[in-house]
Structures are given as structure tokens and as C-alpha cells.
Number of protein chains: 2
Amino acid sequence: MTLLRTHTCGELRRDDTGKTVTLNGWVDTRRDLGGVIFIDLRDRYGLTQVVFSPQDDPEAHKSADQLRPEYVIGVEGEVRERDPENINPNVATGDVELRVKKLVIYSKSETPPFEIKDDVKTNEDLRLKHRYLDLRRPVMQRNLMLRSAIYEHTRSYFYQNNFMEIETPFLMRSTPEGARDYLVPSRVNPGKFYALPQSPQTYKQILMVSGMDRYFQIVKCFRDEDLRADRQPEFTQIDVEMSFVDEDGIYQMTEGLMKRILKETMGVEVQTPFPRMSYQEAMKNYGSDKPDTRFGMKFVDFSETVKDSEFRVFSKTVADGGAVIGFVVPGKGSLGRGVMDRLTKRVQDEIGAGGLIYIKNNEDEIYSSVSKFVSGDNTRSMVEESGAEKGDLILILAGSGETVYQQLGDLRLMIADEYDMIDKSKYNLLWVTDFPLLEYDTEDGRYYAMHHPFTSPRKEDLDKLESDPGNVRARAYDLVMNGSEIGGGSIRIHDSEMQSHMFNALGIGKVEAQQKFGFLLDAFRYGAPPHGGIALGLDRVAMLLAGVGSLRDVIAFPKNQRAISLMDNCPSDVDPAQLEELHIRLAPSTGKK
Amino acid sequence: MTLLRTHTCGELRRDDTGKTVTLNGWVDTRRDLGGVIFIDLRDRYGLTQVVFSPQDDPEAHKSADQLRPEYVIGVEGEVRERDPENINPNVATGDVELRVKKLVIYSKSETPPFEIKDDVKTNEDLRLKHRYLDLRRPVMQRNLMLRSAIYEHTRSYFYQNNFMEIETPFLMRSTPEGARDYLVPSRVNPGKFYALPQSPQTYKQILMVSGMDRYFQIVKCFRDEDLRADRQPEFTQIDVEMSFVDEDGIYQMTEGLMKRILKETMGVEVQTPFPRMSYQEAMKNYGSDKPDTRFGMKFVDFSETVKDSEFRVFSKTVADGGAVIGFVVPGKGSLGRGVMDRLTKRVQDEIGAGGLIYIKNNEDEIYSSVSKFVSGDNTRSMVEESGAEKGDLILILAGSGETVYQQLGDLRLMIADEYDMIDKSKYNLLWVTDFPLLEYDTEDGRYYAMHHPFTSPRKEDLDKLESDPGNVRARAYDLVMNGSEIGGGSIRIHDSEMQSHMFNALGIGKVEAQQKFGFLLDAFRYGAPPHGGIALGLDRVAMLLAGVGSLRDVIAFPKNQRAISLMDNCPSDVDPAQLEELHIRLAPSTGKK
């Protein structure tokens, strides 16, 4: 017998009283109160209280006795209003209950290894191994529903804007420039390999050359990297490319998308256009190329003020071309010595700075942690320059070049976190622009493209491409939300001559360029439109909107940090016959046990 | 200088006359008429005539002289109505032209290796190599736009029906049951391999066990098969799974989808529910499990009538358990001897039947090709039984078991094609149901699941699972459109006990079952809902709707029949260092030159 549902477990309301309905779902909890059995029946839409009483149906009541958590059942019965004292205002269906007339047990359940509830106390490995149970937890269901809603609104947005959704290949050519490729051996072409895409970059540019004009795709990409907490071997990208646009065209389209997503999934209205900040500005003011602007504490540069200080940490740093910089922590001038010592230790241990200098600008005194070495005048000038109010704390680092900016940037985040200074209801989006085109790798002794080798340099900087490559700015941009980079892109080179200059700057010769990117260069010989695009990290966006700390909580079946899926235990050994067909063997040291 | 477009090349109408607009696009054709240069400017939205005259702007006119096909340009100018004699009614913008005031050449083009037009005469290899040019052809742009529209309407349909879109992994466990897997070596887990999904089957069932209830995904799948004309190593599936449903629930949801797609992309209204036909019925009546019902010619079984015939081909076939079957070809009784001989030869060469028997039921006489052996009475009985009208032709095959049905099915299609009997404007959809659960492999001496090992048997046939496995019907169904299978699915087993019976029938032992499908069996121990689903071949659907003969014409970047992408020349050699990192080597015979 089957009892297919007429309603979901989140649907019944007072208005349904008197109706005969059928529900299907999982037994969430079961209570036996003096011969009457109460079940909370659960599905992804909600919970409904289901009542088995001997008066309603003796047979169903008898069967209900064997029900245990996670049994899957179908129940038919009558919707009744609950007695006023039994109404549950915390549940959407809390006004009613179902008095059961018929029960079908679809399947039984062993006792699950952990409870199916939001605040489960278990280790993540067990959750990943039994992912089918973990995904039953309401919080995971909400996360995946949120993710599904992001797909939906992203897609409807692009369809409405006349974008074509086009699938690009997963089996493509390996071009080892950037991260490591995942390789796929070819059976029918012995000794040859496909690579899984790190991104559909070259294909989307080819699509622009093909005249497709406005392309988008939500697509899996792959990088064989050593995994950190926030990386997965496969990840999902909202991939976009447009022809006949400049930066403004890309910004506007992307802003519309984020506005739509935030409104539809979170009910949040964000203002467009988003603020823009150059990479230089971001580093100078926040020590980060992805500044979190939900709170202040912008940097102050004290270098000029302290360059002649008798305190050698200050004067020598400045003389060596470094900087003395800091920021004001509002209202924290009262922190005690013990707290400041602990903070100093964290700065040394976690951020790697040599030490932390601070000034407490209090009503009664201005206290400097280096008052032994720095004159009172100097300290007062710093306070004034910082704009600190009475009662504020100033934190200061001294050091060389980019390092000290990054360290102070880390400190800024640490302080904001420590003192809960971040308004979690805010969604601050901004563009970081004008990234350097190239970065120098001291180990390899060559420049690498910071973004990728098809990124267009800024026209004004073109003459520096050979003379001063490190200072050429790219027409590249990142989209930052709440201190996380959620996307990045660029206006591309569409001219084969400029592309040659770029390869020169990268030390990629003609032969190598032709070998690695030949088909794209060939395409450019037949009329390429000006074009640019962006790729947004969908996993990251989902994680930020879900307010969770791990990508694994917004991915249905993630890998762990050893790139292993604990549920199906892969990667796994394979049959030697499979390898033989693929014309490969294991290297001797990895021979099977 | 850039001139970003204000309009597309398909947009300008008489109402826009007098406006100053900017267009961007590719030079399609160029004509120089007595000092005035006419360009058809092309983008994916259409063509617009663009006019450079020395009167409008001498400089633009001068530059226009160098324009050649496929140059990418931007033009600013004034929209003018064309003179009545120059109006082009075949083009949406044919009432107007753009008189150019400014021209920017974004990029030049070498002479393309083939013309950018629909009816290009070139071999497919050249088209695939220069896919960026091939995709500029309006027909390919239309195909990809159609495909994009299929994504759009599929997705909006499922979102509206409260389906969750969930991505399943691409790096999964290899389970060599069915086609060959593509393997991906793991770097961080030496000697172990991932497989690319042949389908997300196990994951979508896990999602049902997780309570996700209604899942869909448009997803790439991979099969390492020897390629036929209509196969690709990677293909796209509309993947669907639902809990708490039976066959009707799946049928209804799928019918709604197809109705929506056909209406939105082709403007065609199809009637729902779709007809249903059992596998048995389909084989008996059409000799195919995917009958094309756009035309008739249903089979007639003459076995009973001819079982005692003096003609041994008839009587022995029937005595040996075979069948004498045929169908009526309306109005073809007048075909001459020569035509019938050629047809007989094709039946022998292309279909593999021993010979073709026919009766011409003409006004003046009933002519039988085997009148020497078969009595006139017998022949007249056959005509009567067939329901043939005067002027009709009856084609007849005799043979054993399934073979003769399939051969007659092939003949039916051959005749329909030869005599153009198919109404191409029709979209006939039907369900083929009640497939056999298992098929016997004589070579391996065991049964295999016809669909997959998780397909539920029909309850009425359960007792035959061990005694008479070949006659157990599955709760499996295919969706057929115009004689092509466009999808298939089943109600799944959700009960571990029934699953054990199934593995028994397949000769898969407990250990093997646990090793191959352990995580799914584990999941079933914790409360699995009744569930079922379907997977539709999106490439196939797009191909049928686009009315093209090859999947490659609806895939942006397909592989050829050797699984090679001619554009980027992959698969390719890779760096030995890459293989070393992956702990694999090439088998000696494939060593690199």
C-alpha cells in the first residue's frame, strides 16, 4: 500500500482543519503520552505533529508503537485544530495536528550515528561519512535551498539580460600555466591526456570571437592544489563574458546580479553602483586587496612624523624605505596591561610582526608603550595625526614594504573580530581595481601574469610593459564582499600585437605561446571584438550568505582536506585492467598492496 | 577610441529614423557602388546595412575602403529610411540603413578558410578546427540560442515546481558496472583514482535519502565508449529525482517539462498526458522500443494464418517458434519490379534479413512475390488480415524471435524515409513502459540490469526474480520523441531486502555489492523514501528540435569521432613531470617519441 502525500509537512494551517490529507516524511521525534502517540513528522518543508490514538484508529495506533526516529512513513488522517494550550508558535504548522486514520511504514531506520538536528555535536568526519544523514539536518537543508535559490536568481537574471548559457568542455587541453591540472588519460589516443578545466577562460574568449556576445555559465572548475580549509578540488564558478564592453559594462551587469541575489535570497537591498577602490588605495588604507569595509580603522601613515625620531625602530625603518603605520581602535584606550601583552603576543605568533607599539589616548594621560624611546612631542603628533579621540587606542607597526601593510591589515581584522566590531547584517560590496598586471617571482626570476596572460594592460601604462613591467596596471578588477574576494575578472587583450608584447613581458617565446595558446591566437587573427568578463565564486557567495565558516557546509558532497570523499571512499584503487586499457601504469613506489 | 554599441544589428526599425546610434559587429559583406560603400554589419541579433559616403563623412568613407569580411568595427551614424526600391523585406532591419559619421576598426581579419554562411560547403574537420568561425554562421548561432532557451525553460520549470538544483561531484568513485569510466589519477592519494560520473545516479538517490525530495540538475556526464555518430565522450543530461512518487508522478512532471520546452522554443502545443505503450506492445507493433509514431504501418502477425502453408519459409519459421510478420504500405501497390528488387537488396544488405516477401493488392490483381509457393487462398487471407486497401503494398519478413521484429522495424523506418511519409512538423511523444528488468548476456553467462541495479521490479513479478528472471518486468520507462529515445528512468528500490534479492539475481555477492555500492546500501539502512526519477538527454532533445542530423551541431565545442577536439588539439602529450606528480607512467608501448 502506498499513501502518496497530498501536502508537505510545512504546509498545513488552521484553514485546513477538517480536511483529510496525507503526509509523507521522516519520524523526527516520538512521544507516548498515556496511550496516545505523538510524532513530529519531518520533511524539508517543515514539521507537523501527527497523533495516533486508539480512538481514531486502533490499528494505526498499534503500528505506531514500533515507530522510531528516521523511519519513513505515510499517514492519512484528519487535520484538527490543537487545543489552545498545545499551540506551538515556533512552528509554522503549530496550530494544527493530524489525527491519523491510516499508517504505512515505507522503511525503517537503524539508530543514526548522530542526531538529526542543527546543533549536533559530532566530528565532521562522521558527518561527511554519513552525509545522507547530515544533509537531513534542517540547517544543511536550508543551506542547500539557499544555494539552489542563488542558481535560480543568477540564471533568471542572465536570461533576462539576453545572455546565452553555453556549456564548455570538461575534457580539454592541459596548459600548465597557473595551478596544477587534473589529468584524464585517453584510451583511444594512447599516451595522450585531457585536462579538467581550471576555468573555461579560453573557451569563453573563443565564444566572444564567435560572436556570442553575452555568455554565462554556472560551471564546475578543478584545481589540483594542496587543500586549505577554504578550497575544494572542484568548485563552482559563475562565469561571464561580454563583447563590446569596457569595465563599466561589466561592473554594471555584475552589480545588478549581486543586487538581485541579495534581495531575493536575503531580503537585503544593496546600493549600486558599488564603491571602487584601486589596489594601491586598498593596500595603503586596509593592508589588503580585499578590505572588509563593514567597519573603519583605516590606516594612518606616521612615517613622515617619526622619520627623525630618536627611536631607531621608527627612524631606521623609514630610512630603509619601510613604513610606520597604525590605526585607531575607538574606545579601547582603557585596555589593561595584561590584555595588551596578550595582544602583543598574538601579533608576534599569529601575524609574524616583530612587536606591537601602542598609544592609549586617555583623558588623564597619553600612554605610549615606547615612551622610554619616543619623545612626548612625537607621541602627541602621532595622536593628532591619527585623529584619535580621548579614550581611543592606537595600534602601530613598523616594518618594510608590503609586509607591514599586510600585517597591520591582519591586525585590523583580528581586533575587529576580538571586539565584535563587525555588523553582521551588513553586506558591503566594493570593486578593487587597477591591479598590477604582472608579479615578479624571485625564485623563477621572471614575471608572471597576476590574473592571466590575456588580461589587458591599461593603455596609459603600455610604454612601461618592457621598461618597467612591475608598474604596469591591468584592466583587472576583483569584487569584494565583507572582506572576501567573491569574484575577479578583466578586460581582455583582443589584439594579436598587444598579445605578443604581453608574452614578451612574460618571457613566453613565440613557439611556446603557439604551443600553449595557439588556438586562441589563431582565433584572434580572424576578427576579435573588444571583450571582458568576470568569474564569481558561487561556493564562496553561498558560504557568506549562509553565514557559515566552511565551504563544505554549502556543498552537497564535498571532499575533505585530503581530497577524499569519506562517504563513497574515493579516490580508490581501480582494476589493473582499467589502467591497461588507458595505457598507463602506476609508478613503482605506489604499487598496490 | 571606442564606440560602444547603443543598439544591436538586429534592432533598428523605421521608428528609429533620425536617431544617432552606434553599432558594433562583424563585416559580413562589402560592396562599393560608385564611391559609396555598403557594408552588411553582422552580430548574433541580425544584419544592418551600413553606408559610408564621402558626403556623410570623408574620413570614415576613406577608412571604410580597407574593410574586409570579418573585420570587427564600431560605427556611429544616423538611422535613415531606405528608398522604397532598396527595402529588403527578408531582413528585420530591411527598412533602414545607417549613414556612418564615425568608424573605428577594432580588429582586422585574415581571409577565413571558409565562408561565414549557413550553407557552407566544407568538410566538418575544417569547421571543427576553426570552430570560432564555424560558430559565427547564423545556423550555428541559432542552434546554440535554441539550446540556451532549452536550459532556460527547463530550469524555470523546475524552479517553479519547487525542485532544488543541487550539484553532484565530478570526481567520484569508479564503479565499473556498465560503460567504461574516465579515470582521474589522484596526486595526494598515490595510486588511487577518481572517476568522472557516467551519471549522478547514486548521488541523486542519496539526495532522496537526505530528504531533498525534488532534485534536478543539468549536468555533464562522461562515458569512455567507442564513439558512434551520435555519441560524445561528454554529454549533457537533465537529471531529475523525486521522493514520494510513483510512475504517474514522474510522467506528469516530465510531460509538463516537454510541453513547456516545445511551446517556448518551437511554438508547438503538445497534448498531455502522452500515450503509453508497453515494451512488449512497442516491439510487437513497431519492432522497436522507441517507435516513431508520426506515421502508421503497424505490424500484422500472419503466423497463425500461414502456419500450415505449403511454403516452408512460412510453416517452418512458425514451427520453429519464429514469426511471419508484415505491414501495409499505403498506395505503393504500383511499385515496379525494379524498385522491389532494389528494395529487397537493401533489406538484405542494410537490415540483414534473408529476403523480402511482398504482396501488391492492386485493383486488377493480387500479386504475391511468392505466388509459386503460396496458395492464392493463403495470400488472400493475408491481405484481408492486413487490412490493406486496393492499391496498397504489403511487406513481409519471416524469421526467428526478436530479430525479425527488429528487422521489420528497420524496414518500416526505411520505407517511411524513402517515401517521405513522415510529417516533420509533428512532435510525437510517448512513454514506453514495463521494460524487462534483466537481460541475459550469453557471453558472460549472467544477467545484467537492463537499466541499472537499483531499478525496482514490478510487484506482481517479484516471485519470478529467482525462478524466471528474464520475465520480470521493471518499473522502468523511456520517453520517446519521433522515434528517438530522449530519456529514461525508473522507480528505484528503496528497501535493502529487495535490493539484496536484486543483487542475487544479478549474481553480485554481498562482498562485491558492499564494495561497489556500499555507501548507498548503508544509506538505505537509515530510512529511505520511495523514490524515482528520470534523465533526459539534452543534446538529443536540442538536436531533434534544431532539426539537425548530428549532436555536434548543437554542442559548442564537440569532440570528433576519435574523441579529439580539433580546435585545441586535445588530448595531448603532457609533461613527464606532471605524470610523475600523479604517480603514474605511460605503459611502455605508448612511450613518447
# chains A, B, ... in the order shown; residues from 1 in each chain; ligands from 1
>>> closest_atom_pairs(of="stretch 165-256 of chain B", to="stretch 145-168 of chain A", cutoff="10 Å", atoms="only C-alpha atoms", output="JSON lines")
{"residue": "B:Glu165", "atom": "CA", "partner": "A:Ser148", "partner_atom": "CA", "distance": 5.1}
{"residue": "B:Ile166", "atom": "CA", "partner": "A:Ser148", "partner_atom": "CA", "distance": 6.6}
{"residue": "B:Glu167", "atom": "CA", "partner": "A:Ser148", "partner_atom": "CA", "distance": 9.2}
{"residue": "B:Met212", "atom": "CA", "partner": "A:Met145", "partner_atom": "CA", "distance": 9.1}
{"residue": "B:Tyr215", "atom": "CA", "partner": "A:Ser148", "partner_atom": "CA", "distance": 10.0}
{"residue": "B:Val219", "atom": "CA", "partner": "A:Glu167", "partner_atom": "CA", "distance": 9.8}
{"residue": "B:Lys220", "atom": "CA", "partner": "A:Glu167", "partner_atom": "CA", "distance": 8.9}
{"residue": "B:Thr236", "atom": "CA", "partner": "A:Glu167", "partner_atom": "CA", "distance": 9.0}
>>> write_last_selection(atoms="N, CA and C atoms", output="PDB file, in the first residue's frame")
ATOM      1  N   GLU B 165      17.931  22.674  -7.174  1.00  0.00           N
ATOM      2  CA  GLU B 165      19.050  22.388  -8.055  1.00  0.00           C
ATOM      3  C   GLU B 165      20.249  22.090  -7.169  1.00  0.00           C
ATOM      4  N   ILE B 166      20.825  20.923  -7.313  1.00  0.00           N
ATOM      5  CA  ILE B 166      21.946  20.519  -6.463  1.00  0.00           C
ATOM      6  C   ILE B 166      23.045  19.955  -7.357  1.00  0.00           C
ATOM      7  N   GLU B 167      24.265  20.437  -7.145  1.00  0.00           N
ATOM      8  CA  GLU B 167      25.386  19.921  -7.922  1.00  0.00           C
ATOM      9  C   GLU B 167      25.973  18.687  -7.249  1.00  0.00           C
ATOM     10  N   MET B 212      15.858  15.536   0.265  1.00  0.00           N
ATOM     11  CA  MET B 212      15.804  16.698  -0.629  1.00  0.00           C
ATOM     12  C   MET B 212      14.571  16.668  -1.532  1.00  0.00           C
ATOM     13  N   TYR B 215      14.743  16.932  -6.772  1.00  0.00           N
ATOM     14  CA  TYR B 215      16.074  17.369  -7.206  1.00  0.00           C
ATOM     15  C   TYR B 215      16.121  17.449  -8.709  1.00  0.00           C
ATOM     16  N   VAL B 219      23.443  18.442 -16.142  1.00  0.00           N
ATOM     17  CA  VAL B 219      24.784  18.048 -15.725  1.00  0.00           C
ATOM     18  C   VAL B 219      25.522  17.284 -16.818  1.00  0.00           C
ATOM     19  N   LYS B 220      26.814  17.525 -16.881  1.00  0.00           N
ATOM     20  CA  LYS B 220      27.660  16.792 -17.813  1.00  0.00           C
ATOM     21  C   LYS B 220      27.903  15.378 -17.277  1.00  0.00           C
ATOM     22  N   THR B 236      25.258  15.885 -22.028  1.00  0.00           N
ATOM     23  CA  THR B 236      24.537  16.662 -21.029  1.00  0.00           C
ATOM     24  C   THR B 236      23.189  16.045 -20.740  1.00  0.00           C
TER      25      THR B 236
END
>>> closest_atom_pairs(of="chain B", to="chain A", cutoff="6 Å", atoms="only C-alpha atoms", output="JSON lines")
{"residue": "B:Leu4", "atom": "CA", "partner": "A:Phe244", "partner_atom": "CA", "distance": 5.9}
{"residue": "B:Glu70", "atom": "CA", "partner": "A:Gly527", "partner_atom": "CA", "distance": 5.7}
{"residue": "B:Tyr71", "atom": "CA", "partner": "A:Gly527", "partner_atom": "CA", "distance": 5.2}
{"residue": "B:Val72", "atom": "CA", "partner": "A:Gly527", "partner_atom": "CA", "distance": 5.5}
{"residue": "B:Ser107", "atom": "CA", "partner": "A:Gly527", "partner_atom": "CA", "distance": 5.3}
{"residue": "B:Lys108", "atom": "CA", "partner": "A:Gly527", "partner_atom": "CA", "distance": 5.2}
{"residue": "B:Ser109", "atom": "CA", "partner": "A:Tyr526", "partner_atom": "CA", "distance": 4.0}
{"residue": "B:Glu110", "atom": "CA", "partner": "A:Tyr526", "partner_atom": "CA", "distance": 5.5}
{"residue": "B:Tyr132", "atom": "CA", "partner": "A:Ser210", "partner_atom": "CA", "distance": 4.7}
{"residue": "B:Leu133", "atom": "CA", "partner": "A:Ser210", "partner_atom": "CA", "distance": 6.0}
{"residue": "B:Leu135", "atom": "CA", "partner": "A:Ser210", "partner_atom": "CA", "distance": 5.4}
{"residue": "B:Arg136", "atom": "CA", "partner": "A:Ser210", "partner_atom": "CA", "distance": 5.0}
{"residue": "B:Ser148", "atom": "CA", "partner": "A:Glu165", "partner_atom": "CA", "distance": 5.1}
{"residue": "B:Met164", "atom": "CA", "partner": "A:Ser148", "partner_atom": "CA", "distance": 5.6}
{"residue": "B:Glu165", "atom": "CA", "partner": "A:Ser148", "partner_atom": "CA", "distance": 5.1}
{"residue": "B:Arg173", "atom": "CA", "partner": "A:Cys570", "partner_atom": "CA", "distance": 5.1}
{"residue": "B:Leu183", "atom": "CA", "partner": "A:Val184", "partner_atom": "CA", "distance": 6.0}
{"residue": "B:Val184", "atom": "CA", "partner": "A:Val184", "partner_atom": "CA", "distance": 5.1}
{"residue": "B:Pro190", "atom": "CA", "partner": "A:Thr590", "partner_atom": "CA", "distance": 5.9}
{"residue": "B:Gly191", "atom": "CA", "partner": "A:Thr590", "partner_atom": "CA", "distance": 5.3}
{"residue": "B:Lys192", "atom": "CA", "partner": "A:Ser572", "partner_atom": "CA", "distance": 4.8}
{"residue": "B:Phe193", "atom": "CA", "partner": "A:Pro571", "partner_atom": "CA", "distance": 4.8}
{"residue": "B:Tyr194", "atom": "CA", "partner": "A:Pro571", "partner_atom": "CA", "distance": 4.7}
{"residue": "B:Ile206", "atom": "CA", "partner": "A:Tyr132", "partner_atom": "CA", "distance": 5.9}
{"residue": "B:Ser210", "atom": "CA", "partner": "A:Tyr132", "partner_atom": "CA", "distance": 4.7}
{"residue": "B:Gly211", "atom": "CA", "partner": "A:Arg136", "partner_atom": "CA", "distance": 5.9}
{"residue": "B:Phe244", "atom": "CA", "partner": "A:Leu4", "partner_atom": "CA", "distance": 5.9}
{"residue": "B:Phe519", "atom": "CA", "partner": "A:Asp568", "partner_atom": "CA", "distance": 5.6}
{"residue": "B:Arg525", "atom": "CA", "partner": "A:Ser109", "partner_atom": "CA", "distance": 5.6}
{"residue": "B:Tyr526", "atom": "CA", "partner": "A:Ser109", "partner_atom": "CA", "distance": 4.0}
{"residue": "B:Gly527", "atom": "CA", "partner": "A:Ser109", "partner_atom": "CA", "distance": 4.7}
{"residue": "B:Asp568", "atom": "CA", "partner": "A:Phe519", "partner_atom": "CA", "distance": 5.6}
{"residue": "B:Cys570", "atom": "CA", "partner": "A:Arg173", "partner_atom": "CA", "distance": 5.0}
{"residue": "B:Pro571", "atom": "CA", "partner": "A:Tyr194", "partner_atom": "CA", "distance": 4.6}
{"residue": "B:Ser572", "atom": "CA", "partner": "A:Lys192", "partner_atom": "CA", "distance": 4.8}
{"residue": "B:Asp573", "atom": "CA", "partner": "A:Lys192", "partner_atom": "CA", "distance": 4.9}
{"residue": "B:His583", "atom": "CA", "partner": "A:Ala587", "partner_atom": "CA", "distance": 5.1}
{"residue": "B:Ile584", "atom": "CA", "partner": "A:Leu586", "partner_atom": "CA", "distance": 4.4}
{"residue": "B:Arg585", "atom": "CA", "partner": "A:Arg585", "partner_atom": "CA", "distance": 5.3}
{"residue": "B:Leu586", "atom": "CA", "partner": "A:Ile584", "partner_atom": "CA", "distance": 4.4}
{"residue": "B:Ala587", "atom": "CA", "partner": "A:Ile584", "partner_atom": "CA", "distance": 4.7}
{"residue": "B:Thr590", "atom": "CA", "partner": "A:Gly191", "partner_atom": "CA", "distance": 5.3}
>>> select_by_dssp(residues="stretch 210-371 of chain A", states="helix (DSSP H, G or I)", output="MDAnalysis selection string")
chainID A and resid 247:266 279:286 303:306 312:319 337:351
>>> atom_distance(atom1="atom CA of A:Met382", atom2="atom CA of A:Val306")
8.2 Å
>>> atom_distance(atom1="atom CA of B:Asp95", atom2="atom CA of B:Asp83")
8.5 Å
>>> closest_residue(among="B:Ile394, B:Met277, B:Val554, B:Leu545", to="B:Ile261", atoms="only C-alpha atoms")
B:Leu545
>>> residues_around(residues="A:Gly507", least_positions_apart="4", cutoff="12 Å", atoms="only C-alpha atoms", output="NGL selection string")
:A and (438 or 440 or 444-449 or 453 or 465-466 or 469 or 500-503 or 511-513)
>>> residues_around(residues="A:Leu33", least_positions_apart="4", cutoff="12 Å", atoms="only C-alpha atoms", output="number ranges by chain")
A: 37-39, 51-53, 65
